[in-house]
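Participant: Have a look at this one before I ask anything.
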Amino acid sequence: MKIKNVFRLTGVLISLLFFTYQAFADKKQLAEGNKLPEIILSVPKNTEHQKYLGITGKGTFNIPQIKAEVVIIEIFSMYCPHCQREAPTINKFYEELVNSQKLKDKVKLIGIGVGNSAFEVSHFRKTYKIQFPLFPDADYSIHKKIGEVRTPYFIGVRIIKDGTHRIFYSKLGGAKEANQILKMLLHRSGLV
Amino acid sequence: MKKIYYINIALILILTPLKNDAFGISEEFTDNIYNPGILKPVDSVLKVKIGDLAPDFTLPSLSGEKVSLKQFKGKNNVVISFVPAAWTPVCSDQWPGYNIVKEIFDNNDAILLGITVDNIPTLFAWTNQMGRLWFPVLSDFWPHGKVADMFGVLRSDGVSERALFIIDKEGIIRYIHIADINKRPDLELLVTELEKMNMK
């Protein structure tokens, strides 16, 4: 092999390593103990949802601004069969949360529809009669920030009184696992 | 020089397991999706246009029955969803969404026909992972891609475009959308067109 070619190959491999590291670093973004990547969401128009999240006005907000001690984020897609099948289970979990005097103000649940437009998210909501706030991520920009996880994916974020936060739970869901995952997540939050 | 050679080998070994697995985002299809990479967005020339009488066809369906376009004449609007291939990222992520919009089709007197150039056994295994689909899935496998070619959506590598056609009850083509093969078309576009047509 000529020296010139060896150097060229080394250059290509180093750039590849760099890009792979970037992709890998993104996945690390959801590692337990880390802060959430900055996820900016639009303030919901629905006043019930505003009240639920403790977020008012127009414009945007960050997830750690949600009035809660624990925020559970479901990363879903209306095009994902598991997400469709698990929707009733997650609804039931939400019902349990809001009916619990102990947890209703402390634990809040939201969903982010990756690659889903507002129309698609709204259709998913109507189809499964979902009561908790769902947000679209039509251009996959949030999906990219969180390392392009598969769906459904569950993230538990602990919001600390000093305004900081950390991810305490981060797991990919699968068939018939949502209930188990959500219960485990609640357990790990230290609130139950 | 030998050192650099070994460094390269080491880099290859480090990089190999870190391949990107972010395609086909539903967990349903883990490890079963072949990623063809980014493809030329459109690779065919349409042979029909809006206002044309849609070419009739008869294809075998997953249920075993043959389905012809003409059987819907005077009864239903027909949406044809051509998707390129089974077991590929975007396609595996398109029909499961259509599976929860039956009501929208019903409200617009429309039925959906899903077509790919794959054979029936492949379509059987692939769609089984999507749950029970409410719409007929047709195989344009033999003569290979004949129907896709009649519409002008057969690509040069033998798969079809990611294309949507709306055909009204008279058999006239009312809407054509040839999507970028790498992207799933937004459902809202299709629904808006269906509703617009149904209001006329």
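Chain lettering (A, B, ...) mirrors the order of the structure tokens, residue numbering begins at 1 for each chain separately, and ligand numbering begins at 1 in order of display.
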How close does each residue of region 54-140 of chain A get to region 163-173 of chain A, giving the shortest atom pair and distance in Å to one decimal for every residue with an atom at most 10 Å away, counting only C-alpha atoms, sorted by chain and residue number, as JSON lines?
Facilitator:
{"residue": "A:Ile63", "atom": "CA", "partner": "A:His165", "partner_atom": "CA", "distance": 9.7}
{"residue": "A:Pro64", "atom": "CA", "partner": "A:His165", "partner_atom": "CA", "distance": 6.7}
{"residue": "A:Gln65", "atom": "CA", "partner": "A:Gly163", "partner_atom": "CA", "distance": 8.3}
{"residue": "A:Glu69", "atom": "CA", "partner": "A:His165", "partner_atom": "CA", "distance": 9.3}
{"residue": "A:Val70", "atom": "CA", "partner": "A:His165", "partner_atom": "CA", "distance": 9.3}
{"residue": "A:Val71", "atom": "CA", "partner": "A:Ile167", "partner_atom": "CA", "distance": 9.5}
{"residue": "A:Ile72", "atom": "CA", "partner": "A:Tyr169", "partner_atom": "CA", "distance": 9.0}
{"residue": "A:Ile73", "atom": "CA", "partner": "A:Ser170", "partner_atom": "CA", "distance": 9.5}
{"residue": "A:Glu74", "atom": "CA", "partner": "A:Gly173", "partner_atom": "CA", "distance": 9.4}
{"residue": "A:Ile75", "atom": "CA", "partner": "A:Leu172", "partner_atom": "CA", "distance": 9.2}
{"residue": "A:Phe76", "atom": "CA", "partner": "A:Gly173", "partner_atom": "CA", "distance": 9.9}
{"residue": "A:His82", "atom": "CA", "partner": "A:Gly173", "partner_atom": "CA", "distance": 8.4}
{"residue": "A:Cys83", "atom": "CA", "partner": "A:Gly173", "partner_atom": "CA", "distance": 8.9}
{"residue": "A:Glu86", "atom": "CA", "partner": "A:Gly173", "partner_atom": "CA", "distance": 9.4}
Participant: List as an NGL selection string the protein and nucleic acid residues near Ser117 (chain A), meaning an atom at most 9 Å away when only C-alpha atoms are counted, but skip any in the same chain fewer than 2 places from it.
Facilitator: (:A and (113-115 or 119-122 or 135-139)) or (:B and (186-188))
Participant: Residues within 7 Å of Val90 (chain B), please, as JSON, numbers by chain. Count only C-alpha atoms; anything in the same chain fewer than 4 positions from it doesn't count.
Facilitator: {"B": [24, 94, 182, 183, 184]}
Participant: Contacts from chain A to chain B, 6 Å maximum, only C-alpha atoms: show me the residue list as an MDAnalysis selection string.
Facilitator: chainID A and resid 78:81 148 150:151
Participant: Report as a ChimeraX atom specification: the residues of chain B with a DSSP assignment of strand (DSSP E or B), based on the backbone of this structure.
Facilitator: /B:26,53,58-61,66-68,77-82,110-116,137-139,154,160,162-167,172-179
Participant: Kindly save the residues from that selection, with C-alpha atoms included, as a PDB file, in the first residue's frame.
Facilitator:
ATOM      1  CA  SER B  26     -40.996   1.207  15.464  1.00  0.00           C
ATOM      2  CA  LEU B  53     -59.384   7.137 -16.669  1.00  0.00           C
ATOM      3  CA  THR B  58     -56.495  -7.325 -11.386  1.00  0.00           C
ATOM      4  CA  LEU B  59     -54.041  -8.493  -8.724  1.00  0.00           C
ATOM      5  CA  PRO B  60     -53.963 -11.293  -6.158  1.00  0.00           C
ATOM      6  CA  SER B  61     -54.531 -10.176  -2.579  1.00  0.00           C
ATOM      7  CA  LYS B  66     -58.264 -11.380  -6.802  1.00  0.00           C
ATOM      8  CA  VAL B  67     -59.031  -7.666  -6.625  1.00  0.00           C
ATOM      9  CA  SER B  68     -59.835  -5.544  -9.685  1.00  0.00           C
ATOM     10  CA  ASN B  77     -63.489   6.141  -4.227  1.00  0.00           C
ATOM     11  CA  VAL B  78     -60.238   4.204  -4.310  1.00  0.00           C
ATOM     12  CA  VAL B  79     -56.939   5.218  -2.765  1.00  0.00           C
ATOM     13  CA  ILE B  80     -53.986   3.247  -4.068  1.00  0.00           C
ATOM     14  CA  SER B  81     -50.885   3.267  -1.893  1.00  0.00           C
ATOM     15  CA  PHE B  82     -47.865   1.923  -3.734  1.00  0.00           C
ATOM     16  CA  ALA B 110     -63.165   5.445   0.083  1.00  0.00           C
ATOM     17  CA  ILE B 111     -61.342   2.164   0.218  1.00  0.00           C
ATOM     18  CA  LEU B 112     -57.605   1.684   0.322  1.00  0.00           C
ATOM     19  CA  LEU B 113     -55.590  -0.739  -1.778  1.00  0.00           C
ATOM     20  CA  GLY B 114     -51.996  -1.305  -0.681  1.00  0.00           C
ATOM     21  CA  ILE B 115     -49.716  -2.539  -3.448  1.00  0.00           C
ATOM     22  CA  THR B 116     -46.079  -3.612  -3.551  1.00  0.00           C
ATOM     23  CA  VAL B 137     -52.866  -5.808   0.288  1.00  0.00           C
ATOM     24  CA  LEU B 138     -52.151  -6.671  -3.334  1.00  0.00           C
ATOM     25  CA  SER B 139     -49.115  -8.293  -4.872  1.00  0.00           C
ATOM     26  CA  LEU B 154     -41.965   1.393 -11.481  1.00  0.00           C
ATOM     27  CA  SER B 160     -42.258   0.927  -7.105  1.00  0.00           C
ATOM     28  CA  ARG B 162     -43.883   5.578  -2.760  1.00  0.00           C
ATOM     29  CA  ALA B 163     -46.986   6.859  -4.516  1.00  0.00           C
ATOM     30  CA  LEU B 164     -50.598   7.693  -3.733  1.00  0.00           C
ATOM     31  CA  PHE B 165     -53.417   7.843  -6.272  1.00  0.00           C
ATOM     32  CA  ILE B 166     -57.016   8.781  -5.598  1.00  0.00           C
ATOM     33  CA  ILE B 167     -59.480   7.411  -8.137  1.00  0.00           C
ATOM     34  CA  ILE B 172     -61.092   8.970 -12.957  1.00  0.00           C
ATOM     35  CA  ILE B 173     -57.725   9.792 -11.360  1.00  0.00           C
ATOM     36  CA  ARG B 174     -58.262  12.802  -9.080  1.00  0.00           C
ATOM     37  CA  TYR B 175     -54.989  13.028  -7.161  1.00  0.00           C
ATOM     38  CA  ILE B 176     -51.437  11.847  -7.653  1.00  0.00           C
ATOM     39  CA  HIS B 177     -48.656  12.154  -5.115  1.00  0.00           C
ATOM     40  CA  ILE B 178     -45.268  10.681  -5.875  1.00  0.00           C
ATOM     41  CA  ALA B 179     -43.454  11.043  -2.574  1.00  0.00           C
TER      42      ALA B 179
END
Participant: Running DSSP on the backbone, which parts of chain B land in alpha helix (DSSP H), as number ranges by chain?
Facilitator: B: 2-15, 95-98, 102-107, 120-128, 146-151, 187-199
